[in-house]
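Next up, protein-v2.txt (compact mmCIF, N, CA and C atoms):
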# COMPACT_ATOMS: atom_id res chain seq x y z
N MET A 1 -43.83 13.81 -42.25
CA MET A 1 -42.78 12.97 -42.72
C MET A 1 -41.58 13.83 -43.05
N SER A 2 -40.49 13.24 -42.84
CA SER A 2 -39.28 14.02 -43.09
C SER A 2 -38.70 13.67 -44.45
N ASN A 3 -38.06 14.63 -45.02
CA ASN A 3 -37.45 14.43 -46.34
C ASN A 3 -35.98 14.09 -46.23
N LYS A 4 -35.53 13.62 -45.09
CA LYS A 4 -34.12 13.24 -44.93
C LYS A 4 -33.85 12.00 -45.75
N PRO A 5 -32.75 12.02 -46.46
CA PRO A 5 -32.42 10.80 -47.20
C PRO A 5 -31.95 9.71 -46.23
N ALA A 6 -32.28 8.50 -46.53
CA ALA A 6 -31.84 7.37 -45.71
C ALA A 6 -30.33 7.23 -45.81
N PRO A 7 -29.68 6.89 -44.70
CA PRO A 7 -28.23 6.74 -44.74
C PRO A 7 -27.86 5.64 -45.74
N THR A 8 -26.78 5.88 -46.39
CA THR A 8 -26.34 4.90 -47.37
C THR A 8 -25.60 3.78 -46.68
N LYS A 9 -25.50 2.69 -47.35
CA LYS A 9 -24.84 1.50 -46.79
C LYS A 9 -23.38 1.78 -46.47
N SER A 10 -22.68 2.56 -47.30
CA SER A 10 -21.28 2.82 -47.06
C SER A 10 -21.07 3.70 -45.83
N SER A 11 -21.96 4.62 -45.50
CA SER A 11 -21.79 5.44 -44.31
C SER A 11 -22.12 4.62 -43.06
N GLN A 12 -23.04 3.67 -43.16
CA GLN A 12 -23.33 2.79 -42.03
C GLN A 12 -22.12 1.90 -41.75
N ASP A 13 -21.51 1.37 -42.77
CA ASP A 13 -20.32 0.53 -42.60
C ASP A 13 -19.19 1.31 -41.94
N TRP A 14 -19.02 2.56 -42.37
CA TRP A 14 -17.95 3.39 -41.79
C TRP A 14 -18.23 3.65 -40.32
N LEU A 15 -19.48 3.92 -39.96
CA LEU A 15 -19.86 4.19 -38.58
C LEU A 15 -19.64 2.95 -37.71
N ILE A 16 -20.06 1.79 -38.19
CA ILE A 16 -19.89 0.54 -37.43
C ILE A 16 -18.40 0.23 -37.27
N GLY A 17 -17.63 0.39 -38.33
CA GLY A 17 -16.19 0.14 -38.25
C GLY A 17 -15.52 1.07 -37.27
N SER A 18 -15.91 2.33 -37.24
CA SER A 18 -15.33 3.30 -36.29
C SER A 18 -15.68 2.93 -34.86
N LEU A 19 -16.91 2.52 -34.62
CA LEU A 19 -17.33 2.12 -33.26
C LEU A 19 -16.56 0.87 -32.79
N ILE A 20 -16.40 -0.08 -33.67
CA ILE A 20 -15.64 -1.28 -33.32
C ILE A 20 -14.19 -0.92 -33.03
N GLY A 21 -13.61 -0.06 -33.84
CA GLY A 21 -12.23 0.39 -33.62
C GLY A 21 -12.06 1.10 -32.29
N LEU A 22 -12.99 1.98 -31.94
CA LEU A 22 -12.93 2.67 -30.65
C LEU A 22 -13.09 1.70 -29.49
N ALA A 23 -13.98 0.72 -29.64
CA ALA A 23 -14.18 -0.28 -28.58
C ALA A 23 -12.90 -1.10 -28.38
N MET A 24 -12.24 -1.48 -29.47
CA MET A 24 -10.99 -2.24 -29.36
C MET A 24 -9.89 -1.41 -28.72
N LEU A 25 -9.81 -0.13 -29.06
CA LEU A 25 -8.82 0.75 -28.47
C LEU A 25 -9.07 0.90 -26.97
N ALA A 26 -10.33 1.08 -26.59
CA ALA A 26 -10.67 1.20 -25.17
C ALA A 26 -10.33 -0.09 -24.43
N LEU A 27 -10.59 -1.23 -25.06
CA LEU A 27 -10.27 -2.52 -24.44
C LEU A 27 -8.75 -2.68 -24.29
N ALA A 28 -7.98 -2.28 -25.27
CA ALA A 28 -6.52 -2.36 -25.19
C ALA A 28 -5.97 -1.46 -24.08
N VAL A 29 -6.50 -0.26 -23.97
CA VAL A 29 -6.05 0.67 -22.92
C VAL A 29 -6.41 0.10 -21.54
N ALA A 30 -7.60 -0.46 -21.41
CA ALA A 30 -8.02 -1.05 -20.13
C ALA A 30 -7.12 -2.23 -19.76
N ALA A 31 -6.79 -3.08 -20.73
CA ALA A 31 -5.91 -4.24 -20.47
C ALA A 31 -4.52 -3.76 -20.06
N TRP A 32 -4.01 -2.74 -20.72
CA TRP A 32 -2.68 -2.20 -20.36
C TRP A 32 -2.72 -1.65 -18.94
N TRP A 33 -3.73 -0.87 -18.62
CA TRP A 33 -3.84 -0.28 -17.28
C TRP A 33 -3.92 -1.39 -16.22
N TRP A 34 -4.71 -2.42 -16.49
CA TRP A 34 -4.87 -3.53 -15.53
C TRP A 34 -3.54 -4.24 -15.30
N SER A 35 -2.76 -4.43 -16.35
CA SER A 35 -1.48 -5.14 -16.21
C SER A 35 -0.42 -4.28 -15.53
N GLN A 36 -0.54 -2.96 -15.56
CA GLN A 36 0.46 -2.08 -14.98
C GLN A 36 0.23 -1.77 -13.50
N ARG A 37 -0.96 -2.01 -13.01
CA ARG A 37 -1.22 -1.65 -11.62
C ARG A 37 -0.51 -2.61 -10.68
N GLN A 38 -0.18 -2.16 -9.51
CA GLN A 38 0.52 -2.96 -8.51
C GLN A 38 -0.46 -3.90 -7.83
N PRO A 39 -0.07 -5.15 -7.63
CA PRO A 39 -0.99 -6.06 -6.94
C PRO A 39 -1.11 -5.67 -5.47
N ASP A 40 -2.29 -5.84 -4.95
CA ASP A 40 -2.52 -5.57 -3.54
C ASP A 40 -1.94 -6.73 -2.74
N GLU A 41 -1.13 -6.40 -1.76
CA GLU A 41 -0.56 -7.44 -0.92
C GLU A 41 -1.44 -7.63 0.30
N ASP A 42 -1.62 -8.87 0.67
CA ASP A 42 -2.42 -9.20 1.82
C ASP A 42 -1.54 -9.09 3.06
N PRO A 43 -1.77 -8.09 3.91
CA PRO A 43 -0.90 -7.91 5.07
C PRO A 43 -1.06 -9.01 6.12
N THR A 44 -2.16 -9.76 6.06
CA THR A 44 -2.38 -10.80 7.05
C THR A 44 -1.67 -12.10 6.68
N ARG A 45 -1.23 -12.21 5.45
CA ARG A 45 -0.57 -13.44 5.02
C ARG A 45 0.92 -13.19 4.88
N PRO A 46 1.72 -13.75 5.78
CA PRO A 46 3.17 -13.49 5.73
C PRO A 46 3.82 -14.21 4.56
N LYS A 47 4.86 -13.60 4.03
CA LYS A 47 5.63 -14.24 2.97
C LYS A 47 6.54 -15.28 3.59
N PRO A 48 6.74 -16.40 2.92
CA PRO A 48 7.65 -17.41 3.49
C PRO A 48 9.08 -16.90 3.52
N VAL A 49 9.80 -17.32 4.55
CA VAL A 49 11.19 -16.93 4.73
C VAL A 49 12.02 -18.21 4.68
N TRP A 50 13.12 -18.15 3.92
CA TRP A 50 13.92 -19.35 3.67
C TRP A 50 15.36 -19.15 4.10
N VAL A 51 15.97 -20.24 4.54
CA VAL A 51 17.41 -20.29 4.82
C VAL A 51 18.00 -21.28 3.83
N ASP A 52 18.98 -20.80 3.08
CA ASP A 52 19.63 -21.62 2.06
C ASP A 52 20.71 -22.47 2.71
N VAL A 53 20.68 -23.76 2.44
CA VAL A 53 21.70 -24.68 2.94
C VAL A 53 22.44 -25.23 1.72
N GLU A 54 23.76 -25.11 1.73
CA GLU A 54 24.57 -25.57 0.59
C GLU A 54 24.43 -27.07 0.40
N ARG A 55 24.79 -27.52 -0.79
CA ARG A 55 24.68 -28.92 -1.18
C ARG A 55 25.58 -29.80 -0.30
N VAL A 56 25.04 -30.97 0.03
CA VAL A 56 25.84 -32.00 0.72
C VAL A 56 25.81 -33.25 -0.15
N ARG A 57 26.82 -34.08 0.03
CA ARG A 57 26.92 -35.32 -0.74
C ARG A 57 27.21 -36.46 0.23
N PRO A 58 26.15 -36.95 0.88
CA PRO A 58 26.36 -38.04 1.84
C PRO A 58 26.56 -39.38 1.15
N GLN A 59 27.36 -40.23 1.80
CA GLN A 59 27.45 -41.62 1.37
C GLN A 59 26.40 -42.36 2.17
N MET A 60 25.46 -42.97 1.47
CA MET A 60 24.33 -43.60 2.12
C MET A 60 24.75 -44.90 2.81
N ALA A 61 23.87 -45.43 3.64
CA ALA A 61 24.15 -46.63 4.42
C ALA A 61 24.47 -47.83 3.54
N ASP A 62 23.94 -47.88 2.31
CA ASP A 62 24.20 -49.00 1.42
C ASP A 62 25.39 -48.75 0.49
N GLY A 63 26.14 -47.68 0.72
CA GLY A 63 27.35 -47.40 -0.06
C GLY A 63 27.16 -46.44 -1.22
N GLY A 64 25.93 -46.15 -1.61
CA GLY A 64 25.66 -45.21 -2.70
C GLY A 64 25.88 -43.77 -2.25
N MET A 65 25.84 -42.87 -3.21
CA MET A 65 26.02 -41.45 -2.91
C MET A 65 24.75 -40.70 -3.32
N ALA A 66 24.56 -39.54 -2.69
CA ALA A 66 23.41 -38.69 -3.04
C ALA A 66 23.86 -37.24 -3.04
N ASN A 67 23.26 -36.45 -3.91
CA ASN A 67 23.42 -34.99 -3.90
C ASN A 67 22.14 -34.42 -3.32
N ILE A 68 22.27 -33.64 -2.26
CA ILE A 68 21.09 -33.07 -1.62
C ILE A 68 21.35 -31.59 -1.35
N LYS A 69 20.47 -30.75 -1.84
CA LYS A 69 20.52 -29.32 -1.54
C LYS A 69 19.12 -28.90 -1.16
N VAL A 70 18.99 -28.25 0.00
CA VAL A 70 17.68 -27.87 0.50
C VAL A 70 17.64 -26.40 0.90
N ASP A 71 16.45 -25.87 0.95
CA ASP A 71 16.16 -24.59 1.59
C ASP A 71 15.21 -24.91 2.73
N LEU A 72 15.42 -24.26 3.86
CA LEU A 72 14.59 -24.49 5.03
C LEU A 72 13.65 -23.30 5.22
N GLN A 73 12.36 -23.57 5.28
CA GLN A 73 11.39 -22.51 5.55
C GLN A 73 11.32 -22.30 7.05
N ILE A 74 11.52 -21.06 7.48
CA ILE A 74 11.51 -20.77 8.90
C ILE A 74 10.29 -19.93 9.26
N ASP A 75 10.01 -19.86 10.56
CA ASP A 75 8.78 -19.21 11.00
C ASP A 75 8.92 -17.72 11.27
N ASP A 76 10.15 -17.20 11.33
CA ASP A 76 10.32 -15.81 11.74
C ASP A 76 11.35 -15.12 10.85
N ALA A 77 10.93 -14.09 10.15
CA ALA A 77 11.83 -13.36 9.25
C ALA A 77 12.97 -12.70 9.99
N GLU A 78 12.74 -12.32 11.24
CA GLU A 78 13.78 -11.66 12.02
C GLU A 78 14.93 -12.61 12.37
N GLN A 79 14.67 -13.91 12.33
CA GLN A 79 15.70 -14.89 12.69
C GLN A 79 16.47 -15.40 11.47
N GLN A 80 16.16 -14.90 10.28
CA GLN A 80 16.79 -15.42 9.07
C GLN A 80 18.31 -15.27 9.12
N LYS A 81 18.79 -14.12 9.53
CA LYS A 81 20.24 -13.89 9.57
C LYS A 81 20.91 -14.80 10.59
N THR A 82 20.31 -14.93 11.76
CA THR A 82 20.87 -15.79 12.80
C THR A 82 20.91 -17.24 12.36
N LEU A 83 19.82 -17.71 11.78
CA LEU A 83 19.76 -19.11 11.36
C LEU A 83 20.61 -19.38 10.13
N SER A 84 20.77 -18.37 9.27
CA SER A 84 21.65 -18.55 8.11
C SER A 84 23.09 -18.78 8.55
N ALA A 85 23.48 -18.16 9.67
CA ALA A 85 24.83 -18.37 10.19
C ALA A 85 25.03 -19.80 10.69
N LEU A 86 23.93 -20.50 10.98
CA LEU A 86 24.01 -21.89 11.44
C LEU A 86 23.93 -22.90 10.30
N ALA A 87 23.93 -22.42 9.08
CA ALA A 87 23.80 -23.31 7.91
C ALA A 87 24.85 -24.42 7.87
N PRO A 88 26.11 -24.16 8.24
CA PRO A 88 27.08 -25.28 8.25
C PRO A 88 26.67 -26.41 9.21
N ALA A 89 26.09 -26.06 10.33
CA ALA A 89 25.61 -27.09 11.26
C ALA A 89 24.45 -27.86 10.63
N PHE A 90 23.58 -27.13 9.90
CA PHE A 90 22.47 -27.80 9.22
C PHE A 90 22.99 -28.75 8.15
N GLN A 91 24.07 -28.35 7.46
CA GLN A 91 24.69 -29.23 6.46
C GLN A 91 25.15 -30.53 7.11
N SER A 92 25.76 -30.42 8.28
CA SER A 92 26.23 -31.62 8.98
C SER A 92 25.07 -32.53 9.37
N LEU A 93 23.97 -31.92 9.81
CA LEU A 93 22.80 -32.72 10.17
C LEU A 93 22.23 -33.45 8.96
N ILE A 94 22.19 -32.76 7.82
CA ILE A 94 21.67 -33.37 6.59
C ILE A 94 22.62 -34.47 6.11
N GLN A 95 23.92 -34.22 6.22
CA GLN A 95 24.93 -35.21 5.85
C GLN A 95 24.75 -36.48 6.69
N GLU A 96 24.58 -36.28 7.99
CA GLU A 96 24.41 -37.41 8.90
C GLU A 96 23.11 -38.17 8.61
N ARG A 97 22.03 -37.44 8.38
CA ARG A 97 20.75 -38.08 8.09
C ARG A 97 20.82 -38.87 6.78
N GLY A 98 21.46 -38.28 5.77
CA GLY A 98 21.60 -38.96 4.48
C GLY A 98 22.43 -40.22 4.58
N SER A 99 23.43 -40.22 5.45
CA SER A 99 24.28 -41.40 5.59
C SER A 99 23.59 -42.52 6.36
N ASP A 100 22.52 -42.20 7.06
CA ASP A 100 21.76 -43.23 7.80
C ASP A 100 20.73 -43.93 6.92
N MET A 101 20.46 -43.39 5.73
CA MET A 101 19.40 -43.93 4.89
C MET A 101 19.98 -44.71 3.71
N THR A 102 19.17 -45.59 3.14
CA THR A 102 19.59 -46.38 1.98
C THR A 102 18.90 -45.84 0.72
N ARG A 103 19.38 -46.30 -0.43
CA ARG A 103 18.79 -45.92 -1.72
C ARG A 103 17.29 -46.27 -1.73
N GLU A 104 16.96 -47.43 -1.23
CA GLU A 104 15.56 -47.87 -1.21
C GLU A 104 14.70 -46.93 -0.37
N GLU A 105 15.22 -46.46 0.75
CA GLU A 105 14.45 -45.56 1.62
C GLU A 105 14.26 -44.17 1.00
N LEU A 106 15.18 -43.76 0.14
CA LEU A 106 15.13 -42.43 -0.45
C LEU A 106 14.42 -42.38 -1.80
N THR A 107 14.10 -43.53 -2.36
CA THR A 107 13.52 -43.58 -3.70
C THR A 107 12.05 -43.17 -3.67
N GLY A 108 11.67 -42.38 -4.67
CA GLY A 108 10.27 -41.99 -4.86
C GLY A 108 9.83 -40.83 -4.00
N PRO A 109 8.61 -40.38 -4.23
CA PRO A 109 8.09 -39.23 -3.48
C PRO A 109 7.99 -39.50 -1.98
N GLU A 110 7.64 -40.72 -1.62
CA GLU A 110 7.52 -41.04 -0.20
C GLU A 110 8.88 -40.97 0.49
N GLY A 111 9.93 -41.39 -0.20
CA GLY A 111 11.28 -41.30 0.37
C GLY A 111 11.70 -39.85 0.58
N MET A 112 11.35 -38.98 -0.37
CA MET A 112 11.68 -37.56 -0.23
C MET A 112 10.90 -36.94 0.93
N ARG A 113 9.62 -37.32 1.07
CA ARG A 113 8.83 -36.81 2.19
C ARG A 113 9.41 -37.27 3.52
N ARG A 114 9.81 -38.53 3.56
CA ARG A 114 10.39 -39.08 4.78
C ARG A 114 11.69 -38.35 5.14
N LEU A 115 12.54 -38.09 4.13
CA LEU A 115 13.79 -37.37 4.36
C LEU A 115 13.52 -35.92 4.79
N ALA A 116 12.57 -35.26 4.15
CA ALA A 116 12.23 -33.88 4.51
C ALA A 116 11.75 -33.81 5.96
N LYS A 117 10.91 -34.75 6.34
CA LYS A 117 10.40 -34.77 7.72
C LYS A 117 11.54 -35.00 8.72
N ALA A 118 12.47 -35.90 8.37
CA ALA A 118 13.61 -36.18 9.25
C ALA A 118 14.53 -34.97 9.36
N ILE A 119 14.78 -34.29 8.24
CA ILE A 119 15.63 -33.09 8.26
C ILE A 119 14.99 -32.01 9.12
N ARG A 120 13.70 -31.79 8.92
CA ARG A 120 13.00 -30.77 9.72
C ARG A 120 13.08 -31.10 11.20
N SER A 121 12.87 -32.34 11.56
CA SER A 121 12.93 -32.76 12.96
C SER A 121 14.34 -32.60 13.52
N ASP A 122 15.36 -33.03 12.76
CA ASP A 122 16.74 -32.92 13.22
C ASP A 122 17.15 -31.47 13.45
N VAL A 123 16.80 -30.60 12.51
CA VAL A 123 17.18 -29.18 12.63
C VAL A 123 16.44 -28.54 13.81
N ASN A 124 15.15 -28.82 13.95
CA ASN A 124 14.41 -28.24 15.07
C ASN A 124 14.94 -28.74 16.42
N ASN A 125 15.32 -30.03 16.51
CA ASN A 125 15.92 -30.54 17.74
C ASN A 125 17.24 -29.84 18.03
N TYR A 126 18.04 -29.61 16.99
CA TYR A 126 19.30 -28.89 17.15
C TYR A 126 19.06 -27.46 17.65
N LEU A 127 18.08 -26.79 17.06
CA LEU A 127 17.79 -25.41 17.48
C LEU A 127 17.32 -25.36 18.93
N ARG A 128 16.50 -26.33 19.34
CA ARG A 128 16.07 -26.38 20.74
C ARG A 128 17.26 -26.63 21.66
N ALA A 129 18.14 -27.56 21.29
CA ALA A 129 19.31 -27.88 22.11
C ALA A 129 20.25 -26.68 22.24
N GLN A 130 20.34 -25.87 21.19
CA GLN A 130 21.21 -24.69 21.21
C GLN A 130 20.48 -23.47 21.78
N ARG A 131 19.25 -23.64 22.17
CA ARG A 131 18.41 -22.55 22.68
C ARG A 131 18.31 -21.38 21.69
N GLN A 132 18.15 -21.75 20.44
CA GLN A 132 18.01 -20.75 19.37
C GLN A 132 16.53 -20.51 19.09
N PRO A 133 16.15 -19.25 18.92
CA PRO A 133 14.76 -19.00 18.55
C PRO A 133 14.53 -19.38 17.08
N GLY A 134 13.31 -19.55 16.73
CA GLY A 134 12.97 -19.89 15.35
C GLY A 134 12.82 -21.39 15.18
N ARG A 135 11.95 -21.75 14.27
CA ARG A 135 11.69 -23.15 13.97
C ARG A 135 11.59 -23.34 12.47
N VAL A 136 11.93 -24.53 12.02
CA VAL A 136 11.79 -24.88 10.61
C VAL A 136 10.37 -25.41 10.39
N LEU A 137 9.70 -24.80 9.42
CA LEU A 137 8.33 -25.19 9.09
C LEU A 137 8.27 -26.18 7.94
N GLY A 138 9.25 -26.09 7.04
CA GLY A 138 9.24 -26.95 5.87
C GLY A 138 10.61 -27.07 5.24
N VAL A 139 10.76 -28.07 4.40
CA VAL A 139 12.00 -28.33 3.69
C VAL A 139 11.68 -28.38 2.20
N ALA A 140 12.39 -27.56 1.42
CA ALA A 140 12.22 -27.56 -0.04
C ALA A 140 13.50 -28.08 -0.67
N PHE A 141 13.38 -29.13 -1.45
CA PHE A 141 14.54 -29.70 -2.13
C PHE A 141 14.84 -28.88 -3.38
N GLN A 142 16.05 -28.35 -3.45
CA GLN A 142 16.52 -27.67 -4.65
C GLN A 142 17.23 -28.66 -5.59
N GLU A 143 17.86 -29.64 -4.98
CA GLU A 143 18.54 -30.71 -5.70
C GLU A 143 18.37 -31.99 -4.92
N PHE A 144 18.10 -33.07 -5.63
CA PHE A 144 18.00 -34.37 -4.99
C PHE A 144 18.31 -35.44 -6.05
N HIS A 145 19.53 -35.94 -5.98
CA HIS A 145 19.96 -36.95 -6.95
C HIS A 145 20.56 -38.12 -6.17
N ILE A 146 20.14 -39.31 -6.52
CA ILE A 146 20.80 -40.51 -6.01
C ILE A 146 21.75 -40.95 -7.10
N LEU A 147 23.03 -40.95 -6.79
CA LEU A 147 24.06 -41.26 -7.78
C LEU A 147 24.26 -42.78 -7.86
N PRO A 148 24.62 -43.25 -9.05
CA PRO A 148 24.84 -44.70 -9.21
C PRO A 148 26.10 -45.16 -8.49
Show me the file's structure as structure tokens.
Amino acid sequence: MSNKPAPTKSSQDWLIGSLIGLAMLALAVAAWWWSQRQPDEDPTRPKPVWVDVERVRPQMADGGMANIKVDLQIDDAEQQKTLSALAPAFQSLIQERGSDMTREELTGPEGMRRLAKAIRSDVNNYLRAQRQPGRVLGVAFQEFHILP
């Protein structure tokens, strides 16, 4: 048998407190390191490329007005500069499409989907007619207001 005195309660408390403190410090350092590392980018998944189209304010078929500002998602990053130069033509197409629709046709999520589909179709038809490479994959509304 050994004659070692049993550890006292206060030294056990100090030891447990020190271990908990070290564990918390290690956890904090690990969290900091995890937040500072650079995310791995997936090379197989391309980033979306957008063409900004300035706001248009068409007078709708029923006499009302709308504010519409969109970004067009395109399929090829190399064509972004070329297609951005055609943005005024895209504005005209959106203006014309907006003037063909009524407040009732544009109201609600279904109206926005219908307008987005029409804009995408109009722009892609224009690009084909002009023999321009690149296609519009999607339309993102930045602004969409039907004015009273």
Inset, instruction - Please identify all polymer residues within 6.5 Å of stretch 92-96 of chain A, counting all atoms listed in the file, omitting same-chain residues fewer than 6 positions from it, and present them as a ChimeraX atom specification. - result: /A:56-58,119
Legend entry - For A:Ala61, the nearest of the candidates A:Ala31, A:Met101, A:Ala26, A:Leu83, counting all atoms listed in the file: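 Under the stated criterion, the closest residue is A:Met101.
Among the candidates A:Leu72, A:Trp32, A:Lys81, A:Ala89, the residue lying nearest to A:Ala140 is A:Leu72 (atoms considered: only N, CA and C atoms).
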Legend entry - Atom-to-atom span, atom C of A:Pro148 and atom CA of A:Val123, Å: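 These atoms are spaced 27.9 Å apart.
Among the candidate residues A:Ile68, A:Gln36, A:Asn124, A:Leu86, the one lying nearest to A:Val136 is A:Asn124, with distances computed using all atoms listed in the file.
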Inset, instruction - Would you mind reading off the distance between atom C of A:Arg37 and atom CA of A:Met24, one decimal, in Å? - result: 21.4 Å
Legend entry - Atom pair atom C of A:Arg135 / atom C of A:Pro48: separation (Å):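 Taking atom C of A:Arg135 and atom C of A:Pro48, their separation equals 11.3 Å.
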Legend entry - Using only N, CA and C atoms: which of A:Val139, A:Ala87, A:Ala129, A:Ala28 has the shortest distance to A:Ala116: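 Of all the options, A:Val139 lies closest to A:Ala116.
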Inset, instruction - Would you please work out which residue, of A:Asp13, A:Phe90, A:Glu105, A:Leu147, is nearest to A:Asp122 when using all atoms listed in the file? - result: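 Using all atoms listed in the file, A:Asp122 sits closest to A:Phe90.
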Legend entry - Residue nearest A:Gln132 among A:Asp71, A:Asp76, A:Glu110, A:Asp100 (counting only C-alpha atoms):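 Looking only at the distances to A:Gln132, the closest residue turns out to be A:Asp76.
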Inset, instruction - May I have the residues at most 7 Å from (6.1, -22.1, 5.5) in the file's coordinates, counting all atoms listed in the file, as number ranges by chain? - result: A: 48-49, 73-75, 137-138
Inset, instruction - Could you give me the residues within stretch 33-70 of chain A that DSSP places in helix (DSSP H, G or I), as JSON, numbers by chain? - result: {"A": [33, 34, 35, 36]}
Inset, instruction - Name the residues of stretch 26-118 of chain A that come out as strand (DSSP E or B) in a backbone DSSP run; write them as a list in words. - result: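 Residues meeting the strand (DSSP E or B) criterion: Val49, Trp50, Val51, Asp52, Val53, Glu54, Arg55, Val56, Gln59, Met65, Ala66, Asn67, Ile68, Lys69, Val70, Asp71, Leu72, Gln73 and Ile74 of chain A.
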